[in-house]
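The next block holds one structure in the form of structure tokens; read it before the comments.
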Amino acid sequence: MKSSLMRPATAAGMCLACAIACLGDRMPDRAPGVSWALAEGRTGLLSALRYELHLEVPDSLGERIRGRVTLRFALSDVTRPLVVDFAQRRESVLSVRAGAAPVAVNVVDEHIIIPASALREGENAIEIEFLAGNASLNRNREFLYSLFVPDRARSAFPCFDQPNLKARYSLSLEVPAAWQAVANGPLSSRQLEDDRAVYRFATTQPVSTYLFSFAAGEFQVISAERHGRVMNMYHRETDRLKVVRNAAAIFDLHATALNWLERYTGIEYPFEKFDFVLIPSFQYGGMEHPGAILYRASRLLLDESATQNDYLGRASLIAHETSHMWFGDLVTMEWFNDVWMKEVFANFMAAKIVNPSFPELDHELRFLLAHYPAAYEVDRTPGSHPIRQELDNLREAGTLYGAIIYRKAPIVMKQLELLIGEEVMREGLREYLAASAFGNASWADLIRVLDRRTEHDLEAWSRTWVEEAARPTVAAASRLREDGTLAALTLSQSDPEGRDRLWNQRFTVALGYGDSLRLMPVQLETASADLPDAEGLPAPDYVLPNGRGLGYGLFQLDAASLRYLLGRAPSLPDGLTRGVTWLSLWEAMLEGRVAASRLVDLALGALRSESDAQLTERLLAYLETAYWRYLTDSERRDRAAAMERVLWNRAQQASEPSLKAAYFNAFRSVALTENGVQRLQAIWRGDVELSGLELSERDHTRLAFELAVREVEGWEGILDQQAGRIENPDRGARFAFVRPALSADPGVRDRFFESLKDAASREHEPWVLEALRYLHHPLRASSAEKYILPSLELLVEIQATGDIFFPKNWLDATLDGHNSGSAAAVVRAFLDAHPDYPPRLRGKILQSADGLFRAARLLEPAR
Ligand SMILES: [Zn+2]
């Protein structure tokens with residue numbers, strides 16, 4: 001079933017204007033990319049879509065791939081031209097035919113325009129010969145693979161590149177004879193002719209363009225059967241033992257996931273066959289092409305030294321991609337504004353499938369630490385955005401990604417299941433999948449299905465949780481009787497923006513009595529809720545409103561609980577309670593209710609007793625941030641020696657190498673005393689070793705940089721020597737690039753910053769970010785303040801020329817080292833001077849500057 005596209009609300013005005021223009025000249029929108037207006041126009045127009053695609057892959061990488069595609073479809077309106085997406089130049093289109101008749105080639109702004117005169121009502125066949133673009137074909141000497149998500153199919157072949165125009169594909173590939181080939185559909189024939197081979201694949205089920213895929217090259221193939229299903233694994237690993245060691249587990253994990261999903265969804269695996277391809281250095285962990293999943297090889301073929309985390313990561317990745325076969329592939333979002341949905345469901349299912357197999361891990365604490373701090377980092381700022389964002393053109397699909405999609409959405413999905421129950425969730429998902437099988441559905445479609453099965457108002461729920469930014473402020477208040485027992489315990493929520501929004505959610509309040517906890521679930525649907533079970537209980541030592549970490553919001557501790565926890569946080573009985581407590585104390589510090597120095601002292605003491613590795617890493621992250629950003633200079637100097645001592649001792653004592661490394665990295669970052677810096681120097685020289693921790697070349701480079709930014713005597717010689725130690729040319733080039741950002745000569749640093757204004761010098765983005773972080777190191781913050789304004793002025797260009805995550809990373813690297821009122825004023829003045837600044841970029845500035853604004857405010861009275 002196909003429903004029509006949901007119009008992004010605030011784009012309505014623009015689209016209306018466009019619709020009027022379209023009516024005027026009968027010309028569909030053909031702006032570069034795939035605009036929402038173009039996609040919406042084609043949705044109702046085209047049906048029964050099929051692609052017959054033939055590609056000839058030459059032996060030589062220098063030669064382009066020739067292709068021929070026949071687009072077959074039924075058309076309901078032939079009064080206006082048809083726009084086909086193809087992001088190549090005119091020369092790449094060799095011929096166009098409609099039926100048997102040639103059509104003049106007309107290529108405009110990444111589209112081929114088929115004139116109305118060449119179209120007819122009902123069945124049409126448009127044949128196009130072309131030269132494929134290489135951008136999404138990942139061509140190597142010995143293999144290639146396509147990766148079309150989100151809108152890159154159109155760079156390879158002419159198509160209708162939007163997720164809700166699903167099509168059946170008949171693919172044939174001509175490749176060098178020694179190559180294997182795999183695609184979504186089963187192989188139907190392989191024909192050899194001299195040194196060439198032609199692979200023909202059976203016609204697929206209807207799939208979206210971003211899910212259509214093939215890989216070809218020199219691959220080994222291993223087949224295995226599980227529960228009557230044959231699966232093929234394609235790989236290029238030369239270490240035979242490594243393959244043998246891993247293969248059975250990889251097949252087993254896929255089989256387990258498939259069985260689980262068939263049971264959960266009540267729908268048999270929907271596609272014709274199930275193969276997967278292990279690609280060296282694949283861009284992502286995996287990509288869920290139906291029938292031909294692509295994986296990063298190293299995530300599946302594990303080394304002998306792999307940790308429990310690596311095994312969990314592999315199982316989760318396999319379960320994630322397998323879940324997509326139903327969530328994303330069988331039923332696909334209408335438009336990429338709902339891309340978060342398929343990701344969140346794949347993670348949600350993967351956790352259900354995999355977690356029970358790893359009972360020794362604390363999954364609740366893992367979930368808390370992996371999602372909440374990163375989600376809050378954005379959602380507590382005025383630059384936050386809703387989970388569901390509008391998207392006017394698929395070209396901009398990349399700007400949707402970030403912590404809100406990856407970290408907040410999974411929390412919200414958990415909340416939804418808590419609210420309606422596991423059973424209603426499963427039944428609703430079954431209905432949703434069955435109703436839209438091989439079609440598309442939006443978030444609103446799912447909410448409608450679920451809404452019918454529960455007494456809760458899910459549309460209202462969705463409006464605040466999914467369509468709105470930010471989080472509620474939640475607090476607990478208790479009243480005591482004369483005998484000291486509880487008369488009442490009340491939870492209340494408020495809207496930080498004063499708009500009276502209500503976040504309906506379920507969570508568990510913990511009442512702490514020494515070493516024991518009393519847990520009370522609460523459904524906070526309205527502005528406040530009483531906990532009747534609390535009545536008559538002895539007064540607790542503390543109340544942790546978000547006791548089990550399930551709730552989402554700014555959970556405020558009452559004054560007495562805050563006092564108690566500031567003394568006892570490190571000795572609370574279980575990891576999850578400690579985790580929730582630390583998150584709450586951090587928020588209290590950001591709100592100005594706890595001095596950063598107090599929190600630093602407490603966290604530093606906690607490191608001595610903390611037994612959980614995940615929690616230790618979180619504490620180290622908080623410590624480093626608080627130390628550099630939220631302490632005054634004198635507070636920092638006063639604490640440096642103690643910090644160094646504890647971190648160094650813990651690094652010596654830790655038993656696991658990953659924990660040792662975490663302590664050592666923190667030590668390297670904070671070392672300030674003469675002793676500490678001398679120790680850094682001795683380690684860099686090799687005079688002092690940390691037993692059990694092998695330092696890499698990268699570690700030595702970082703040490704050299706930390707020494708240089710501290711301007712130790714002979715820093716220049718240290719950098720010279722370090723440059724000489726680096727043998728790998730790529731790493732050598734990176735070192736040379738970053739180095740001027742560390743110079744003690746401000747003139748050299750100025751010239752380096754000036755050079756970043758040239759886009760060509762920003763080509764290696766990780767290099768730029770590393771250099772910026774040293775340029776704006778807290779020890780040099782005052783001299784670096786002058787770079788903030790020009791960096792903001794570059795932002796629009798940064799977005800135009802950089803990768804999708806670069807603008808936010810650029811801002812973070814620029815602002816993270818600063819905490820002064822004057823630096824904050826620069827950012828505020830910039831925002832004030834540009835009231836019409838692009839909203840998404842403005843949001844990113846407000847996200848990145850939030851810590852700076854808070855620090856400036858908190859430190860002001862102390863200065
Ligand atoms: Zn995914």
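Chain lettering (A, B, ...) mirrors the order of the structure tokens, residue numbering begins at 1 for each chain separately, and ligand numbering begins at 1 in order of display.
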
ask   = Quick one: residues within 10 Å of stretch 237-246 of chain A, only C-alpha atoms counted, chain neighbours fewer than 6 positions away excluded, as JSON, numbers by chain?
value = {"A": [219, 220, 222, 278, 279, 280, 297, 298, 300, 301, 302, 303, 304]}

Set out as JSON lines a contact list for chain A and ligand 1 with a cut-off of 8 Å, giving each residue of chain A that qualifies its closest atom pair and distance in Å to one decimal, counting only C-alpha atoms and all ligand atoms, ordered by chain and rising residue number.
```
{"residue": "A:Gly286", "atom": "CA", "partner": "ligand 1", "partner_atom_place_in_ligand_line": "1 (Zn)", "distance": 7.4}
{"residue": "A:Met287", "atom": "CA", "partner": "ligand 1", "partner_atom_place_in_ligand_line": "1 (Zn)", "distance": 6.7}
{"residue": "A:Glu288", "atom": "CA", "partner": "ligand 1", "partner_atom_place_in_ligand_line": "1 (Zn)", "distance": 6.8}
{"residue": "A:His320", "atom": "CA", "partner": "ligand 1", "partner_atom_place_in_ligand_line": "1 (Zn)", "distance": 6.3}
{"residue": "A:Glu321", "atom": "CA", "partner": "ligand 1", "partner_atom_place_in_ligand_line": "1 (Zn)", "distance": 6.1}
{"residue": "A:His324", "atom": "CA", "partner": "ligand 1", "partner_atom_place_in_ligand_line": "1 (Zn)", "distance": 6.7}
{"residue": "A:Lys342", "atom": "CA", "partner": "ligand 1", "partner_atom_place_in_ligand_line": "1 (Zn)", "distance": 6.7}
{"residue": "A:Glu343", "atom": "CA", "partner": "ligand 1", "partner_atom_place_in_ligand_line": "1 (Zn)", "distance": 4.6}
{"residue": "A:Val344", "atom": "CA", "partner": "ligand 1", "partner_atom_place_in_ligand_line": "1 (Zn)", "distance": 7.9}
{"residue": "A:Ala346", "atom": "CA", "partner": "ligand 1", "partner_atom_place_in_ligand_line": "1 (Zn)", "distance": 6.0}
{"residue": "A:Asn347", "atom": "CA", "partner": "ligand 1", "partner_atom_place_in_ligand_line": "1 (Zn)", "distance": 7.5}
```

Got a sec: who's within 12 Å of A:Leu858, counting only C-alpha atoms, leaving out chain neighbours fewer than 4 positions off, as an mmCIF file with N, CA, C and O atoms, in the first residue's frame?
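Result file follows (selection01.cif):
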```cif
data_model
loop_
_atom_site.group_PDB
_atom_site.id
_atom_site.type_symbol
_atom_site.label_atom_id
_atom_site.label_comp_id
_atom_site.auth_asym_id
_atom_site.auth_seq_id
_atom_site.Cartn_x
_atom_site.Cartn_y
_atom_site.Cartn_z
ATOM 1 N N ALA A 588 23.403 19.039 37.627
ATOM 2 C CA ALA A 588 23.328 20.010 38.726
ATOM 3 C C ALA A 588 24.495 20.996 38.638
ATOM 4 O O ALA A 588 24.336 22.186 38.918
ATOM 5 N N MET A 589 25.655 20.498 38.244
ATOM 6 C CA MET A 589 26.813 21.387 38.085
ATOM 7 C C MET A 589 26.542 22.390 36.952
ATOM 8 O O MET A 589 26.767 23.594 37.103
ATOM 9 N N LEU A 590 26.027 21.887 35.811
ATOM 10 C CA LEU A 590 25.757 22.784 34.679
ATOM 11 C C LEU A 590 24.685 23.822 35.028
ATOM 12 O O LEU A 590 24.667 24.916 34.472
ATOM 13 N N GLU A 591 23.780 23.446 35.936
ATOM 14 C CA GLU A 591 22.730 24.372 36.351
ATOM 15 C C GLU A 591 23.222 25.359 37.406
ATOM 16 O O GLU A 591 22.462 26.204 37.865
ATOM 17 N N GLY A 592 24.449 25.169 37.881
ATOM 18 C CA GLY A 592 24.990 26.082 38.882
ATOM 19 C C GLY A 592 24.610 25.719 40.308
ATOM 20 O O GLY A 592 24.789 26.507 41.232
ATOM 21 N N ARG A 593 24.099 24.490 40.510
ATOM 22 C CA ARG A 593 23.693 24.095 41.869
ATOM 23 C C ARG A 593 24.840 23.429 42.634
ATOM 24 O O ARG A 593 24.759 23.268 43.843
ATOM 25 N N VAL A 594 25.862 22.981 41.903
ATOM 26 C CA VAL A 594 27.029 22.362 42.534
ATOM 27 C C VAL A 594 28.269 23.004 41.930
ATOM 28 O O VAL A 594 28.334 23.189 40.716
ATOM 29 N N ALA A 595 29.234 23.342 42.805
ATOM 30 C CA ALA A 595 30.471 23.922 42.270
ATOM 31 C C ALA A 595 31.253 22.851 41.512
ATOM 32 O O ALA A 595 31.316 21.700 41.950
ATOM 33 N N ALA A 596 31.829 23.247 40.372
ATOM 34 C CA ALA A 596 32.606 22.288 39.578
ATOM 35 C C ALA A 596 33.742 21.703 40.407
ATOM 36 O O ALA A 596 34.058 20.518 40.305
ATOM 37 N N SER A 597 34.342 22.522 41.279
ATOM 38 C CA SER A 597 35.469 22.031 42.074
ATOM 39 C C SER A 597 35.013 20.897 43.002
ATOM 40 O O SER A 597 35.713 19.914 43.188
ATOM 41 N N ALA A 626 35.363 19.089 33.133
ATOM 42 C CA ALA A 626 35.221 20.011 34.265
ATOM 43 C C ALA A 626 36.548 20.706 34.559
ATOM 44 O O ALA A 626 36.592 21.913 34.819
ATOM 45 N N ARG A 629 37.310 23.235 31.636
ATOM 46 C CA ARG A 629 36.322 24.244 31.260
ATOM 47 C C ARG A 629 35.657 24.930 32.445
ATOM 48 O O ARG A 629 35.383 26.127 32.377
ATOM 49 N N TYR A 630 35.356 24.171 33.507
ATOM 50 C CA TYR A 630 34.503 24.737 34.545
ATOM 51 C C TYR A 630 35.245 25.123 35.829
ATOM 52 O O TYR A 630 34.632 25.656 36.742
ATOM 53 N N LEU A 631 36.544 24.832 35.931
ATOM 54 C CA LEU A 631 37.317 25.304 37.086
ATOM 55 C C LEU A 631 37.927 26.655 36.765
ATOM 56 O O LEU A 631 38.261 26.934 35.610
ATOM 57 N N THR A 632 38.102 27.489 37.798
ATOM 58 C CA THR A 632 38.880 28.706 37.581
ATOM 59 C C THR A 632 40.347 28.299 37.457
ATOM 60 O O THR A 632 40.726 27.188 37.835
ATOM 61 N N ASN A 819 36.284 29.284 27.762
ATOM 62 C CA ASN A 819 35.294 29.405 28.831
ATOM 63 C C ASN A 819 35.125 30.847 29.315
ATOM 64 O O ASN A 819 34.499 31.095 30.331
ATOM 65 N N SER A 820 35.654 31.800 28.556
ATOM 66 C CA SER A 820 35.637 33.180 29.047
ATOM 67 C C SER A 820 34.382 33.931 28.600
ATOM 68 O O SER A 820 33.773 33.605 27.574
ATOM 69 N N GLY A 821 34.032 34.944 29.361
ATOM 70 C CA GLY A 821 32.915 35.792 28.996
ATOM 71 C C GLY A 821 33.145 36.482 27.659
ATOM 72 O O GLY A 821 32.212 36.658 26.876
ATOM 73 N N GLY A 851 28.218 24.889 26.123
ATOM 74 C CA GLY A 851 29.167 24.710 27.228
ATOM 75 C C GLY A 851 29.928 25.996 27.517
ATOM 76 O O GLY A 851 30.165 26.354 28.679
ATOM 77 N N LEU A 852 30.304 26.698 26.453
ATOM 78 C CA LEU A 852 31.002 27.982 26.616
ATOM 79 C C LEU A 852 30.120 28.992 27.347
ATOM 80 O O LEU A 852 30.552 29.657 28.293
ATOM 81 N N PHE A 853 28.855 29.103 26.905
ATOM 82 C CA PHE A 853 27.937 30.052 27.546
ATOM 83 C C PHE A 853 27.778 29.734 29.031
ATOM 84 O O PHE A 853 27.811 30.607 29.891
ATOM 85 N N ARG A 854 27.593 28.440 29.326
ATOM 86 C CA ARG A 854 27.396 28.052 30.729
ATOM 87 C C ARG A 854 28.642 28.351 31.557
ATOM 88 O O ARG A 854 28.562 28.887 32.655
ATOM 89 N N ALA A 862 33.298 34.342 39.997
ATOM 90 C CA ALA A 862 34.566 33.921 40.597
ATOM 91 C C ALA A 862 35.738 34.751 40.094
ATOM 92 O O ALA A 862 36.764 34.849 40.737
ATOM 93 N N ARG A 863 35.566 35.346 38.922
ATOM 94 C CA ARG A 863 36.705 36.036 38.312
ATOM 95 C C ARG A 863 36.970 37.383 38.956
ATOM 96 O O ARG A 863 36.085 38.007 39.482
#
```

task = Could you find all residues in stretch 268-362 of chain A that DSSP calls helix (DSSP H, G or I) from the backbone, and write them as JSON, numbers by chain?
result = {"A": [297, 298, 299, 300, 308, 309, 310, 311, 312, 313, 314, 315, 316, 317, 318, 319, 320, 321, 322, 323, 324, 336, 337, 338, 339, 340, 341, 342, 343, 344, 345, 346, 347, 348, 349, 350, 351, 352, 353, 354, 355, 356, 357]}

ask   = Excluding same-chain residues fewer than 6 positions from A:Val198, what lies within 6 Å of it counting only C-alpha atoms, as a list in words?
value = Leu173, Glu174, Arg190 and Gln191 of chain A

Counting only C-alpha atoms, what are the residues of stretch 359-382 of chain A within 8 Å of stretch 540-558 of chain A, and for each of them which pair of atoms is the nearest and at what distance in Å, to one decimal? Sort the table by chain and rising number, as a Markdown table.
```
| residue | atom | partner | partner_atom | distance |
| --- | --- | --- | --- | --- |
| A:Glu364 | CA | A:Gly549 | CA | 7.9 |
| A:Leu368 | CA | A:Gly549 | CA | 6.5 |
| A:Tyr372 | CA | A:Tyr552 | CA | 7.9 |
```

request  = For A:Glu121, list every protein, DNA or RNA residue within 12 Å, evaluated using only C-alpha atoms, and leave out those in the same chain fewer than 5 positions away; present the list as a PyMOL selection string.
outcome  = chain A and resi 45-47+73-80+116

Please produce a file of those selected residues containing N, CA, C and O atoms, as a compact mmCIF listing (two decimals), in the first residue's frame.
```
# COMPACT_ATOMS: atom_id res chain seq x y z
N LEU A 45 2.19 9.78 -9.96
CA LEU A 45 2.22 9.72 -11.42
C LEU A 45 2.63 8.35 -11.95
O LEU A 45 2.12 7.86 -12.95
N LEU A 46 3.60 7.74 -11.25
CA LEU A 46 4.25 6.53 -11.75
C LEU A 46 3.81 5.31 -10.95
O LEU A 46 3.64 5.38 -9.75
N SER A 47 3.66 4.19 -11.65
CA SER A 47 3.39 2.95 -10.92
C SER A 47 3.99 1.78 -11.70
O SER A 47 4.48 1.96 -12.82
N PHE A 73 7.31 1.60 -16.80
CA PHE A 73 6.38 2.11 -15.78
C PHE A 73 5.05 2.45 -16.42
O PHE A 73 4.95 2.61 -17.64
N ALA A 74 4.04 2.54 -15.58
CA ALA A 74 2.74 3.01 -16.05
C ALA A 74 2.62 4.48 -15.64
O ALA A 74 3.07 4.87 -14.56
N LEU A 75 2.02 5.28 -16.52
CA LEU A 75 1.97 6.71 -16.31
C LEU A 75 0.52 7.17 -16.33
O LEU A 75 -0.26 6.72 -17.18
N SER A 76 0.17 8.06 -15.40
CA SER A 76 -1.24 8.47 -15.35
C SER A 76 -1.46 9.86 -15.95
O SER A 76 -2.58 10.26 -16.17
N ASP A 77 -0.38 10.61 -16.18
CA ASP A 77 -0.56 11.97 -16.71
C ASP A 77 0.52 12.21 -17.76
O ASP A 77 1.71 12.15 -17.46
N VAL A 78 0.10 12.45 -18.99
CA VAL A 78 1.10 12.64 -20.05
C VAL A 78 1.08 14.07 -20.58
O VAL A 78 1.54 14.36 -21.67
N THR A 79 0.53 14.99 -19.77
CA THR A 79 0.45 16.36 -20.25
C THR A 79 1.71 17.14 -19.94
O THR A 79 1.87 18.27 -20.36
N ARG A 80 2.62 16.56 -19.17
CA ARG A 80 3.85 17.31 -18.90
C ARG A 80 5.07 16.39 -18.94
O ARG A 80 4.95 15.18 -18.84
N ALA A 116 6.89 15.54 -22.94
CA ALA A 116 5.54 14.96 -22.85
C ALA A 116 5.17 14.23 -24.14
O ALA A 116 4.50 13.20 -24.12
```

Shell around A:Ala181 at 7 Å using only C-alpha atoms, local window under 3 positions removed, as a ChimeraX atom specification = /A:199,215-217

inquiry  = Report as a PyMOL selection string all protein, DNA and RNA residues lying within 9 Å of stretch 706-721 of chain A, evaluated on only C-alpha atoms, omitting residues in the same chain fewer than 6 positions from it.
reply    = chain A and resi 668-669+672+677-678+680-681+739+742-744+774-775+777+779-780
